[in-house]
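Colleague: PDB, C-alpha atoms and all ligand atoms, file input-v9.pdb:
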```
ATOM      1  CA  LEU W 280       0.000   0.000   0.000
ATOM      2  CA  ILE W 281       1.271   3.456  -0.858
ATOM      3  CA  LEU W 282      -0.410   6.522   0.588
ATOM      4  CA  LEU W 283      -0.183   8.817  -2.431
ATOM      5  CA  GLY W 284      -1.759  11.805  -0.714
ATOM      6  CA  SER W 285      -2.688  12.513   2.891
ATOM      7  CA  ALA W 286      -4.460  15.898   2.879
ATOM      8  CA  ALA W 287      -8.166  16.659   2.676
ATOM      9  CA  GLY W 288      -9.678  18.546  -0.264
ATOM     10  CA  GLY W 289      -7.589  21.597  -1.098
ATOM     11  CA  GLY W 290      -4.307  19.965  -0.118
ATOM     12  CA  PHE W 291      -1.665  21.533   2.118
ATOM     13  CA  PRO W 292      -1.063  24.372   1.726
ATOM     14  CA  GLN W 293      -4.367  25.199   0.085
ATOM     15  CA  TRP W 294      -3.943  27.490  -2.927
ATOM     16  CA  ASN W 295      -5.828  30.452  -1.464
ATOM     17  CA  CYS W 296      -5.222  29.976   2.263
ATOM     18  CA  ALA W 297      -3.018  31.870   4.670
ATOM     19  CA  CYS W 298      -4.192  30.286   7.915
ATOM     20  CA  SER W 299      -1.399  29.765  10.454
ATOM     21  CA  ASN W 300      -0.794  26.176   9.292
ATOM     22  CA  CYS W 301      -0.748  27.096   5.601
ATOM     23  CA  CYS W 302       1.573  30.054   6.262
ATOM     24  CA  ARG W 303       4.135  27.674   7.738
ATOM     25  CA  ALA W 304       3.779  25.397   4.700
ATOM     26  CA  TRP W 305       4.071  28.331   2.259
ATOM     27  CA  ALA W 306       7.233  29.402   4.076
ATOM     28  CA  GLY W 307       8.756  25.945   3.586
ATOM     29  CA  ASP W 308       8.861  25.124   7.312
ATOM     30  CA  PRO W 309      10.238  21.550   7.522
ATOM     31  CA  LYS W 310       7.800  20.864  10.393
ATOM     32  CA  ALA W 311       4.857  21.611   8.041
ATOM     33  CA  PRO W 312       5.584  19.496   4.943
ATOM     34  CA  HIS W 313       3.404  19.914   1.864
ATOM     35  CA  ARG W 314       0.726  17.307   1.268
ATOM     36  CA  THR W 315      -1.328  16.348  -1.760
ATOM     37  CA  GLN W 316      -5.000  15.373  -1.624
ATOM     38  CA  ALA W 317      -5.951  11.975  -0.244
ATOM     39  CA  SER W 318      -5.406   8.882  -2.377
ATOM     40  CA  LEU W 319      -4.093   5.356  -1.912
ATOM     41  CA  ALA W 320      -2.485   2.858  -4.290
ATOM     42  CA  ALA W 321      -2.699  -0.868  -3.580
ATOM     43  CA  SER W 322      -1.249  -3.972  -5.162
ATOM     44  CA  SER W 323      -0.821  -7.635  -4.324
ATOM     45  CA  GLY W 324       2.694  -7.381  -5.757
ATOM     46  CA  ASP W 325       1.909  -8.648  -9.242
ATOM     47  CA  GLY W 326       2.800  -5.327 -10.870
ATOM     48  CA  ARG W 327      -0.796  -4.186 -11.322
ATOM     49  CA  TRP W 328      -2.085  -1.375  -9.132
ATOM     50  CA  LEU W 329      -5.467  -0.266  -7.880
ATOM     51  CA  LEU W 330      -5.824   3.478  -7.443
ATOM     52  CA  VAL W 331      -8.217   4.406  -4.642
ATOM     53  CA  ASN W 332      -9.690   7.773  -5.633
ATOM     54  CA  ALA W 333      -8.308  10.034  -8.340
ATOM     55  CA  SER W 334      -7.286  13.298  -6.706
ATOM     56  CA  PRO W 335      -6.671  16.578  -8.532
ATOM     57  CA  ASP W 336      -2.980  16.019  -7.628
ATOM     58  CA  LEU W 337      -2.782  12.688  -9.434
ATOM     59  CA  LEU W 338       0.021  13.560 -11.867
ATOM     60  CA  THR W 339       2.246  14.824  -9.036
ATOM     61  CA  GLN W 340       1.497  11.643  -7.088
ATOM     62  CA  ILE W 341       2.354   9.381 -10.039
ATOM     63  CA  ILE W 342       5.590  11.288 -10.712
ATOM     64  CA  ARG W 343       6.653  10.771  -7.069
ATOM     65  CA  THR W 344       5.797   7.044  -7.094
ATOM     66  CA  PRO W 345       8.091   4.897  -9.309
ATOM     67  CA  ALA W 346       5.767   1.865  -8.993
ATOM     68  CA  LEU W 347       3.135   3.828 -10.928
ATOM     69  CA  HIS W 348       5.390   4.969 -13.786
ATOM     70  CA  PRO W 349       4.612   3.627 -17.288
ATOM     71  CA  ILE W 350       5.791   0.088 -17.967
ATOM     72  CA  GLY W 351       5.747   0.371 -21.742
ATOM     73  CA  LEU W 352       4.878   2.691 -24.577
ATOM     74  CA  ARG W 353       1.540   4.129 -23.432
ATOM     75  CA  ALA W 354       1.106   1.457 -20.760
ATOM     76  CA  SER W 355       0.352   2.248 -17.135
ATOM     77  CA  PRO W 356       0.513  -0.284 -14.291
ATOM     78  CA  ILE W 357      -2.717   1.292 -12.943
ATOM     79  CA  ALA W 358      -5.256  -1.418 -13.805
ATOM     80  CA  ALA W 359      -8.242   0.023 -12.002
ATOM     81  CA  VAL W 360      -9.498   3.145 -10.249
ATOM     82  CA  LEU W 361     -11.979   2.886  -7.401
ATOM     83  CA  LEU W 362     -13.959   5.859  -6.078
ATOM     84  CA  THR W 363     -15.221   6.091  -2.509
ATOM     85  CA  SER W 364     -17.432   9.123  -3.219
ATOM     86  CA  GLY W 365     -18.286  11.652  -5.905
ATOM     87  CA  GLU W 366     -16.452  14.466  -4.081
ATOM     88  CA  ILE W 367     -14.408  16.670  -6.406
ATOM     89  CA  ASP W 368     -11.165  15.787  -4.604
ATOM     90  CA  ASN W 369     -11.849  12.105  -5.357
ATOM     91  CA  ILE W 370     -12.885  12.346  -9.009
ATOM     92  CA  ALA W 371     -11.121  15.335 -10.609
ATOM     93  CA  GLY W 372      -7.991  13.267 -11.303
ATOM     94  CA  LEU W 373     -10.002  11.069 -13.678
ATOM     95  CA  LEU W 374      -9.660  13.878 -16.196
ATOM     96  CA  SER W 375      -5.888  13.302 -16.164
ATOM     97  CA  LEU W 376      -6.380   9.632 -17.120
ATOM     98  CA  ARG W 377      -7.867  10.239 -20.543
ATOM     99  CA  GLU W 378      -4.944   9.501 -22.883
ATOM    100  CA  ARG W 379      -6.275   6.316 -24.449
ATOM    101  CA  GLN W 380      -5.423   4.012 -21.576
ATOM    102  CA  ALA W 381      -7.582   1.020 -20.688
ATOM    103  CA  PHE W 382      -8.599   0.605 -17.050
ATOM    104  CA  THR W 383     -11.609  -0.376 -14.981
ATOM    105  CA  LEU W 384     -13.496   2.348 -13.123
ATOM    106  CA  LEU W 385     -15.208   0.984 -10.021
ATOM    107  CA  ALA W 386     -17.742   2.908  -7.943
ATOM    108  CA  THR W 387     -21.160   2.477  -6.413
ATOM    109  CA  PRO W 388     -24.117   2.830  -8.810
ATOM    110  CA  ARG W 389     -24.823   6.200  -7.140
ATOM    111  CA  VAL W 390     -21.344   7.554  -7.900
ATOM    112  CA  GLN W 391     -21.369   6.025 -11.407
ATOM    113  CA  GLU W 392     -24.591   7.969 -11.997
ATOM    114  CA  ILE W 393     -22.913  11.221 -10.875
ATOM    115  CA  LEU W 394     -20.127  10.600 -13.413
ATOM    116  CA  ALA W 395     -22.590   9.630 -16.151
ATOM    117  CA  ARG W 396     -24.496  12.884 -15.664
ATOM    118  CA  ASN W 397     -21.324  14.981 -16.065
ATOM    119  CA  SER W 398     -20.444  14.938 -19.750
ATOM    120  CA  VAL W 399     -16.880  16.145 -19.089
ATOM    121  CA  PHE W 400     -16.110  12.567 -17.952
ATOM    122  CA  ASP W 401     -17.040  11.333 -21.449
ATOM    123  CA  ALA W 402     -13.408  12.267 -22.150
ATOM    124  CA  LEU W 403     -12.689   8.785 -20.749
ATOM    125  CA  ASP W 404     -13.128   6.700 -23.908
ATOM    126  CA  PRO W 405     -15.880   4.118 -23.196
ATOM    127  CA  ALA W 406     -14.114   1.702 -25.561
ATOM    128  CA  LEU W 407     -11.159   1.616 -23.147
ATOM    129  CA  VAL W 408     -12.473   2.589 -19.720
ATOM    130  CA  ARG W 409     -14.928   0.057 -18.373
ATOM    131  CA  ARG W 410     -17.271   1.568 -15.788
ATOM    132  CA  GLN W 411     -18.209  -1.170 -13.386
ATOM    133  CA  PRO W 412     -20.852  -0.527 -10.720
ATOM    134  CA  LEU W 413     -19.879  -2.077  -7.415
ATOM    135  CA  ARG W 414     -22.594  -2.295  -4.798
ATOM    136  CA  PRO W 415     -21.721  -2.131  -1.110
ATOM    137  CA  GLU W 416     -20.738  -5.568   0.214
ATOM    138  CA  GLU W 417     -20.167  -6.966  -3.287
ATOM    139  CA  THR W 418     -16.618  -8.260  -3.733
ATOM    140  CA  VAL W 419     -14.501  -8.144  -6.874
ATOM    141  CA  GLU W 420     -10.882  -9.070  -7.490
ATOM    142  CA  VAL W 421      -8.629  -6.261  -8.711
ATOM    143  CA  ALA W 422      -4.831  -6.253  -8.986
ATOM    144  CA  GLY W 423      -4.727  -9.535  -7.080
ATOM    145  CA  LEU W 424      -6.723  -8.135  -4.155
ATOM    146  CA  ARG W 425     -10.295  -8.706  -3.038
ATOM    147  CA  VAL W 426     -12.056  -5.355  -2.982
ATOM    148  CA  THR W 427     -15.250  -4.658  -1.027
ATOM    149  CA  LEU W 428     -16.991  -1.339  -0.473
ATOM    150  CA  PHE W 429     -19.030  -0.823   2.663
ATOM    151  CA  PRO W 430     -21.270   2.113   3.591
ATOM    152  CA  VAL W 431     -20.262   4.580   6.285
ATOM    153  CA  PRO W 432     -22.272   7.549   7.587
ATOM    154  CA  GLY W 433     -21.520  10.524   5.366
ATOM    155  CA  LYS W 434     -23.150  13.091   3.155
ATOM    156  CA  PRO W 435     -23.532  13.813  -0.568
ATOM    157  CA  PRO W 436     -20.918  16.014  -2.248
ATOM    158  CA  LEU W 437     -21.426  19.739  -1.593
ATOM    159  CA  TYR W 438     -22.064  20.426  -5.284
ATOM    160  CA  LEU W 439     -25.019  17.991  -5.227
ATOM    161  CA  GLU W 440     -26.604  19.096  -1.981
ATOM    162  CA  GLY W 441     -30.229  19.955  -2.654
ATOM    163  CA  ALA W 442     -30.387  17.628  -5.655
ATOM    164  CA  ALA W 443     -32.461  14.442  -5.541
ATOM    165  CA  ALA W 444     -31.233  12.355  -2.637
ATOM    166  CA  ALA W 445     -32.006   8.890  -4.019
ATOM    167  CA  GLY W 446     -29.428   6.317  -3.000
ATOM    168  CA  GLU W 447     -27.959   8.619  -0.386
ATOM    169  CA  GLU W 448     -26.689   5.741   1.706
ATOM    170  CA  GLU W 449     -24.222   5.016  -1.089
ATOM    171  CA  ASP W 450     -22.825   8.546  -1.203
ATOM    172  CA  THR W 451     -19.968   7.744   1.135
ATOM    173  CA  VAL W 452     -18.422   4.325   1.247
ATOM    174  CA  ALA W 453     -15.232   2.932   2.655
ATOM    175  CA  LEU W 454     -13.020   0.226   1.252
ATOM    176  CA  GLU W 455     -11.872  -3.123   2.540
ATOM    177  CA  LEU W 456      -8.901  -4.732   0.779
ATOM    178  CA  THR W 457      -8.171  -8.393   1.426
ATOM    179  CA  GLY W 458      -5.077 -10.256   0.301
ATOM    180  CA  SER W 459      -4.886 -13.918  -0.687
ATOM    181  CA  ASP W 460      -3.824 -14.761   2.895
ATOM    182  CA  GLY W 461      -6.989 -13.170   4.312
ATOM    183  CA  ARG W 462      -5.233 -10.180   5.846
ATOM    184  CA  ARG W 463      -7.218  -6.955   5.519
ATOM    185  CA  ALA W 464      -6.731  -3.230   5.279
ATOM    186  CA  CYS W 465      -9.552  -0.681   5.550
ATOM    187  CA  TYR W 466      -9.542   2.794   4.003
ATOM    188  CA  VAL W 467     -12.110   5.210   5.465
ATOM    189  CA  PRO W 468     -11.291   8.741   4.240
ATOM    190  CA  GLY W 469     -14.672  10.204   5.212
ATOM    191  CA  CYS W 470     -16.935   9.301   8.111
ATOM    192  CA  HIS W 471     -19.613  11.375   9.825
ATOM    193  CA  HIS W 472     -19.789   9.207  12.948
ATOM    194  CA  VAL W 473     -18.506   5.859  14.143
ATOM    195  CA  THR W 474     -21.169   3.173  14.444
ATOM    196  CA  PRO W 475     -20.945  -0.192  16.240
ATOM    197  CA  ALA W 476     -20.997  -1.869  12.804
ATOM    198  CA  LEU W 477     -17.989   0.181  11.718
ATOM    199  CA  ARG W 478     -16.033  -0.694  14.874
ATOM    200  CA  GLU W 479     -16.744  -4.357  14.188
ATOM    201  CA  ARG W 480     -15.647  -3.999  10.566
ATOM    202  CA  LEU W 481     -12.350  -2.352  11.436
ATOM    203  CA  ALA W 482     -11.398  -4.658  14.297
ATOM    204  CA  GLY W 483      -8.631  -7.072  13.469
ATOM    205  CA  ALA W 484      -7.479  -5.296  10.292
ATOM    206  CA  GLU W 485      -3.761  -5.158   9.576
ATOM    207  CA  ALA W 486      -4.109  -1.472   8.773
ATOM    208  CA  ILE W 487      -6.816   1.136   9.173
ATOM    209  CA  PHE W 488      -6.610   4.426   7.298
ATOM    210  CA  PHE W 489      -9.164   6.731   8.889
ATOM    211  CA  ASP W 490     -10.749  10.164   8.391
ATOM    212  CA  GLY W 491      -8.461  12.705  10.080
ATOM    213  CA  THR W 492     -10.080  15.798   8.555
ATOM    214  CA  VAL W 493     -10.501  18.020  11.608
ATOM    215  CA  TRP W 494      -9.213  17.901  15.164
ATOM    216  CA  THR W 495     -12.120  19.928  16.599
ATOM    217  CA  ASP W 496     -15.601  20.423  15.145
ATOM    218  CA  ASP W 497     -15.368  24.239  15.049
ATOM    219  CA  GLU W 498     -11.779  24.330  13.816
ATOM    220  CA  LEU W 499     -12.499  26.297  10.610
ATOM    221  CA  GLN W 500     -14.297  28.978  12.623
ATOM    222  CA  GLY W 501     -11.467  28.978  15.158
ATOM    223  CA  VAL W 502      -8.831  29.883  12.564
ATOM    224  CA  GLY W 503     -11.254  32.259  10.817
ATOM    225  CA  VAL W 504     -11.447  30.509   7.431
ATOM    226  CA  GLY W 505     -15.072  29.361   7.392
ATOM    227  CA  THR W 506     -18.307  28.843   9.215
ATOM    228  CA  LYS W 507     -18.904  25.144   8.579
ATOM    229  CA  THR W 508     -18.317  22.595  11.270
ATOM    230  CA  GLY W 509     -16.509  19.326  10.619
ATOM    231  CA  ARG W 510     -19.754  17.441  11.072
ATOM    232  CA  ARG W 511     -21.531  19.728   8.595
ATOM    233  CA  MET W 512     -18.857  18.705   6.061
ATOM    234  CA  GLY W 513     -19.530  15.030   6.836
ATOM    235  CA  HIS W 514     -16.502  14.488   9.083
ATOM    236  CA  GLN W 515     -16.500  13.613  12.761
ATOM    237  CA  PRO W 516     -13.855  15.583  14.655
ATOM    238  CA  LEU W 517     -11.000  13.515  16.086
ATOM    239  CA  SER W 518     -10.738  14.979  19.588
ATOM    240  CA  GLY W 519     -13.031  15.188  22.587
ATOM    241  CA  PRO W 520     -15.451  12.799  24.231
ATOM    242  CA  ASP W 521     -17.645  12.811  21.087
ATOM    243  CA  GLY W 522     -14.692  12.496  18.737
ATOM    244  CA  SER W 523     -13.710   9.603  16.513
ATOM    245  CA  LEU W 524     -10.542   8.747  18.458
ATOM    246  CA  ALA W 525     -12.688   8.104  21.548
ATOM    247  CA  ALA W 526     -15.274   6.243  19.467
ATOM    248  CA  LEU W 527     -12.587   3.974  18.006
ATOM    249  CA  ARG W 528     -10.804   3.328  21.301
ATOM    250  CA  GLY W 529     -10.244  -0.390  21.825
ATOM    251  CA  VAL W 530     -10.529  -1.297  18.127
ATOM    252  CA  ALA W 531      -7.504  -3.535  17.634
ATOM    253  CA  ALA W 532      -5.472  -3.148  14.449
ATOM    254  CA  ARG W 533      -1.749  -3.504  13.767
ATOM    255  CA  ARG W 534      -1.427  -0.033  12.214
ATOM    256  CA  LYS W 535      -3.884   2.840  12.668
ATOM    257  CA  ILE W 536      -3.208   5.800  10.381
ATOM    258  CA  LEU W 537      -4.977   9.147  10.026
ATOM    259  CA  VAL W 538      -5.488  10.421   6.478
ATOM    260  CA  HIS W 539      -7.499  13.129   4.673
ATOM    261  CA  ILE W 540      -6.179  15.801   7.051
ATOM    262  CA  ASN W 541      -7.517  19.321   6.515
ATOM    263  CA  ASN W 542      -5.118  22.262   6.268
ATOM    264  CA  THR W 543      -6.580  23.734   9.459
ATOM    265  CA  ASN W 544      -5.834  20.606  11.541
ATOM    266  CA  PRO W 545      -3.059  21.093  14.134
ATOM    267  CA  LEU W 546      -1.888  17.498  13.470
ATOM    268  CA  LEU W 547      -0.223  18.782  10.289
ATOM    269  CA  ILE W 548       2.449  20.507  12.368
ATOM    270  CA  GLU W 549       5.050  17.976  13.441
ATOM    271  CA  ASP W 550       5.711  19.434  16.897
ATOM    272  CA  ALA W 551       2.044  20.132  17.737
ATOM    273  CA  PRO W 552       0.973  18.785  21.162
ATOM    274  CA  GLU W 553      -2.117  17.236  19.527
ATOM    275  CA  ARG W 554       0.211  14.724  17.845
ATOM    276  CA  GLY W 555       1.065  13.288  21.259
ATOM    277  CA  LEU W 556      -2.626  12.907  22.074
ATOM    278  CA  ALA W 557      -3.258  11.005  18.814
ATOM    279  CA  ALA W 558      -0.181   8.841  19.396
ATOM    280  CA  ALA W 559      -1.366   8.007  22.919
ATOM    281  CA  GLU W 560      -4.522   6.570  21.297
ATOM    282  CA  GLY W 561      -2.362   4.478  18.964
ATOM    283  CA  TRP W 562      -2.730   6.612  15.841
ATOM    284  CA  GLU W 563      -0.007   7.482  13.351
ATOM    285  CA  ILE W 564      -0.219  10.540  11.107
ATOM    286  CA  GLY W 565      -0.244   9.501   7.463
ATOM    287  CA  TYR W 566       2.092  11.312   5.078
ATOM    288  CA  ASP W 567       2.527  11.460   1.311
ATOM    289  CA  GLY W 568       4.597   8.519   0.083
ATOM    290  CA  MET W 569       4.026   6.400   3.226
ATOM    291  CA  GLU W 570       4.402   2.721   2.290
ATOM    292  CA  LEU W 571       3.050  -0.304   4.123
ATOM    293  CA  ALA W 572       3.837  -3.900   3.269
ATOM    294  CA  LEU W 573       1.241  -6.123   4.881
TER     295      LEU W 573
HETATM  296 ZN    ZN O   1      -5.029  26.914   5.521
END
```
The structure in this file should be written as structure tokens.
Modeller:
Amino acid sequence: LILLGSAAGGGFPQWNCACSNCCRAWAGDPKAPHRTQASLAASSGDGRWLLVNASPDLLTQIIRTPALHPIGLRASPIAAVLLTSGEIDNIAGLLSLRERQAFTLLATPRVQEILARNSVFDALDPALVRRQPLRPEETVEVAGLRVTLFPVPGKPPLYLEGAAAAGEEEDTVALELTGSDGRRACYVPGCHHVTPALRERLAGAEAIFFDGTVWTDDELQGVGVGTKTGRRMGHQPLSGPDGSLAALRGVAARRKILVHINNTNPLLIEDAPERGLAAAEGWEIGYDGMELAL
């Protein structure tokens, strides 16, 4: 597994932001390293790769990741792309994958419908890009791995709020990857609240990548960059008695890694005291280029 990007939508620093975190990143502070928007690459080791979400930073991520470089004249090792939602930061990178390359595009029927309704994605040649609907709890094999999507509490993408809400339970899904030896990894980049079913799902995984968007619910207001709460954006805050770290306490997994970290989150700063609090709960802070061999 290679964590291609570890930031939430907007990346770090965000192009138009001068919050205190972003200012440190703009200034090149080594304790505030730049991050691209969240994405994961996975492979069983057979040379084929599954891309989990296609972020707007996809080209940068491929350039930095030798395993994803072309393996022949117009031949990418990326065999499939899987989308966990229709959020812009998960789908915009599809537009960079349009140069006559065959791959399979996996997403729930709900997200496939979002793509089908946006004609700009017709740039992906239907003769080469096979769009395969994958319902929650259905399993397919991709790049030598068993791939299963499962629903998590979330919300529809901001740009679709107010539109027909049919199939809303499929708007946000998480991913379970299982190797031939039965070992599992779960990737949950967005989650509005932790349910008992989710705790059960995550328990016993080799690795959990979990929604680390905001540390506190009112964080954007606190730094003066917005009025929305984390929960309003579909993300449970990490800290506090109602936070996800408390809700996930006791869930056993070999590695627990926070991803999809917003540019306002104090965890982005390497000497922030909040890092110690996350570490005390057993959580690592994901970073761009982080590799895990399970
Ligand atoms: Zn910022």
Colleague: Please, which residues have at least one atom within 9 Å of an atom of ligand ZN 1 (chain O), using all atoms listed in the file, listed as a ChimeraX atom specification?
Modeller: /W:289-302,304,502,504,541-544
Colleague: If you apply the PyMOL selection byres (((chain W and resi 529) around 12) and not hetatm) to this file, what residues do you get, as an MDAnalysis selection string?
Modeller: chainID W and resid 478:479 481:483 523:528 530:532 535 560:562
Colleague: Tell me, as a PyMOL selection string, which residues lie within 8 Å of region 395-410 of chain W, counting all atoms listed in the file; anything in the same chain fewer than 2 positions away does not count.
Modeller: chain W and resi 373-374+376-377+379-386+391-393+412
Colleague: Would you write out, as a tab-separated table, a table of all residues in region 375-444 of chain W that have an atom no more than 9 Å from an atom of region 453-464 of chain W, listing for each the closest atom pair and the distance in Å to one decimal, considering only C-alpha atoms and ordering rows by chain and rising residue number?
Modeller:
```
residue	atom	partner	partner_atom	distance
W:Gly423	CA	W:Gly458	CA	7.4
W:Leu424	CA	W:Gly458	CA	5.2
W:Arg425	CA	W:Thr457	CA	5.0
W:Val426	CA	W:Leu456	CA	4.9
W:Thr427	CA	W:Glu455	CA	5.1
W:Leu428	CA	W:Leu454	CA	4.6
W:Phe429	CA	W:Ala453	CA	5.3
W:Pro430	CA	W:Ala453	CA	6.2
W:Val431	CA	W:Ala453	CA	6.4
```
Colleague: Figure out the distance between CA of Met569 (chain W) and CA of Thr344 (chain W), please, to one decimal in Å.
Modeller: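 A separation of 10.5 Å between them.
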Colleague: Which protein, DNA or RNA residues are at most 7 Å from (-3.0, 9.5, 1.2) in the file's coordinates when you count all atoms listed in the file, listed as number ranges by chain?
Modeller: W: 282-286, 316-319, 538-539, 565-567
Colleague: If the PyMOL selection byres (((chain W and resi 358) around 7) and not hetatm) were run on this exact file, what residues would it hold? Put them as an mmCIF file with C-alpha atoms, in the frame of the given file.
Modeller:
```cif
data_model
loop_
_atom_site.group_PDB
_atom_site.id
_atom_site.type_symbol
_atom_site.label_atom_id
_atom_site.label_comp_id
_atom_site.auth_asym_id
_atom_site.auth_seq_id
_atom_site.Cartn_x
_atom_site.Cartn_y
_atom_site.Cartn_z
ATOM 1 C CA ARG W 327 -0.796 -4.186 -11.322
ATOM 2 C CA TRP W 328 -2.085 -1.375 -9.132
ATOM 3 C CA LEU W 329 -5.467 -0.266 -7.880
ATOM 4 C CA PRO W 356 0.513 -0.284 -14.291
ATOM 5 C CA ILE W 357 -2.717 1.292 -12.943
ATOM 6 C CA ALA W 359 -8.242 0.023 -12.002
ATOM 7 C CA PHE W 382 -8.599 0.605 -17.050
ATOM 8 C CA THR W 383 -11.609 -0.376 -14.981
ATOM 9 C CA ALA W 422 -4.831 -6.253 -8.986
#
```
Colleague: Go through W:Arg314, W:His471, W:Arg533, W:Arg511 one by one, measure the shortest atom-to-atom distance of each to Ser334 (chain W) using all atoms listed in the file, and give the residue with the smallest value.
Modeller: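 Among the listed residues, W:Arg314 lies closest to Ser334 (chain W).
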Colleague: Please measure the separation of CA of Lys310 (chain W) and CA of Glu553 (chain W), giving the value in Å to one decimal.
Modeller: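 It comes out at 14.0 Å.
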Colleague: Would you mind telling me which residue in W:Gly433, W:Gly469, W:Gly491, W:Gly324 lies nearest to Asn369 (chain W) when using only C-alpha atoms?
Modeller: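 Selected residue with least distance to Asn369 (chain W): W:Gly469.
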Colleague: For a test of reading the model, state the distance in Å between CA of Gln340 (chain W) and CA of Trp494 (chain W), rounded to one decimal.
Modeller: 25.5 Å
Colleague: As lines of an AutoDock Vina configuration file, what would the box around region 506-509 of chain W look like: edges along x, y and z, 4 Å added on every side, centre and edge lengths in Å to one decimal?
Modeller:
```
center_x = -17.7
center_y = 24.1
center_z = 9.9
size_x = 10.4
size_y = 17.5
size_z = 10.7
```
Colleague: To verify the selection step, state as number ranges by chain which residues the PyMOL selection byres (((chain W and resi 370) around 10) and not hetatm) yields on this input.
Modeller: W: 332-335, 360-369, 371-374, 390, 394, 400
Colleague: W:Val331, W:Ala320, W:Leu352, W:Ala311: which is nearest Leu571 (chain W), counting all atoms listed in the file?
Modeller: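 Nearest candidate to Leu571 (chain W) out of W:Val331, W:Ala320, W:Leu352, W:Ala311: W:Ala320.
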Colleague: Find the spatial neighbours of Cys470 (chain W), counting all atoms listed in the file, within a cut-off of 10 Å - ignore same-chain residues fewer than 6 positions away - and output them as an mmCIF file with C-alpha atoms, in the frame of the given file.
Modeller:
```cif
data_model
loop_
_atom_site.group_PDB
_atom_site.id
_atom_site.type_symbol
_atom_site.label_atom_id
_atom_site.label_comp_id
_atom_site.auth_asym_id
_atom_site.auth_seq_id
_atom_site.Cartn_x
_atom_site.Cartn_y
_atom_site.Cartn_z
ATOM 1 C CA PRO W 430 -21.270 2.113 3.591
ATOM 2 C CA VAL W 431 -20.262 4.580 6.285
ATOM 3 C CA PRO W 432 -22.272 7.549 7.587
ATOM 4 C CA GLY W 433 -21.520 10.524 5.366
ATOM 5 C CA LYS W 434 -23.150 13.091 3.155
ATOM 6 C CA THR W 451 -19.968 7.744 1.135
ATOM 7 C CA VAL W 452 -18.422 4.325 1.247
ATOM 8 C CA ALA W 453 -15.232 2.932 2.655
ATOM 9 C CA LEU W 477 -17.989 0.181 11.718
ATOM 10 C CA PHE W 489 -9.164 6.731 8.889
ATOM 11 C CA ASP W 490 -10.749 10.164 8.391
ATOM 12 C CA GLY W 491 -8.461 12.705 10.080
ATOM 13 C CA THR W 492 -10.080 15.798 8.555
ATOM 14 C CA ARG W 510 -19.754 17.441 11.072
ATOM 15 C CA MET W 512 -18.857 18.705 6.061
ATOM 16 C CA GLY W 513 -19.530 15.030 6.836
ATOM 17 C CA HIS W 514 -16.502 14.488 9.083
ATOM 18 C CA GLN W 515 -16.500 13.613 12.761
ATOM 19 C CA PRO W 516 -13.855 15.583 14.655
ATOM 20 C CA SER W 523 -13.710 9.603 16.513
#
```
Colleague: In terms of the shortest atom-to-atom distance over all atoms listed in the file, which of W:Trp305, W:Pro312, W:Pro545, W:His348 is closest to Leu499 (chain W)?
Modeller: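 Looking at the shortest contact to Leu499 (chain W), the residue is W:Pro545.
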Colleague: As number ranges by chain, please: the residues near Glu570 (chain W) (cut-off 8 Å, all atoms listed in the file, same-chain neighbours under 2 positions excluded).
Modeller: W: 280-282, 568, 572
Colleague: Which residue out of W:Ala287, W:Leu338, W:Leu573, W:Ala354 has the minimum interatomic distance to Leu537 (chain W) when all atoms listed in the file are used?
Modeller: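 Closest candidate: W:Ala287.
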Colleague: Please fill the gaps in region 485-494 of chain W so it has N, CA and C atoms, and write that as a short mmCIF file (atom, residue, chain, number, x, y, z; two decimals), keeping the file's coordinate frame.
Modeller:
```cif
data_model
loop_
_atom_site.label_atom_id
_atom_site.label_comp_id
_atom_site.auth_asym_id
_atom_site.auth_seq_id
_atom_site.Cartn_x
_atom_site.Cartn_y
_atom_site.Cartn_z
N GLU W 485 -5.21 -5.41 9.50
CA GLU W 485 -3.76 -5.16 9.58
C GLU W 485 -3.49 -3.66 9.61
N ALA W 486 -4.28 -2.92 8.82
CA ALA W 486 -4.11 -1.47 8.77
C ALA W 486 -5.46 -0.80 8.60
N ILE W 487 -5.64 0.28 9.34
CA ILE W 487 -6.82 1.14 9.17
C ILE W 487 -6.32 2.52 8.78
N PHE W 488 -6.83 3.03 7.67
CA PHE W 488 -6.61 4.43 7.30
C PHE W 488 -7.93 5.13 7.59
N PHE W 489 -7.89 6.16 8.44
CA PHE W 489 -9.16 6.73 8.89
C PHE W 489 -9.20 8.25 8.73
N ASP W 490 -10.42 8.75 8.57
CA ASP W 490 -10.75 10.16 8.39
C ASP W 490 -10.13 11.03 9.49
N GLY W 491 -9.10 11.80 9.13
CA GLY W 491 -8.46 12.70 10.08
C GLY W 491 -8.70 14.16 9.72
N THR W 492 -9.85 14.46 9.13
CA THR W 492 -10.08 15.80 8.56
C THR W 492 -9.85 16.92 9.57
N VAL W 493 -10.63 16.91 10.64
CA VAL W 493 -10.50 18.02 11.61
C VAL W 493 -10.24 17.49 13.01
N TRP W 494 -9.50 18.26 13.77
CA TRP W 494 -9.21 17.90 15.16
C TRP W 494 -10.39 18.27 16.06
#
```
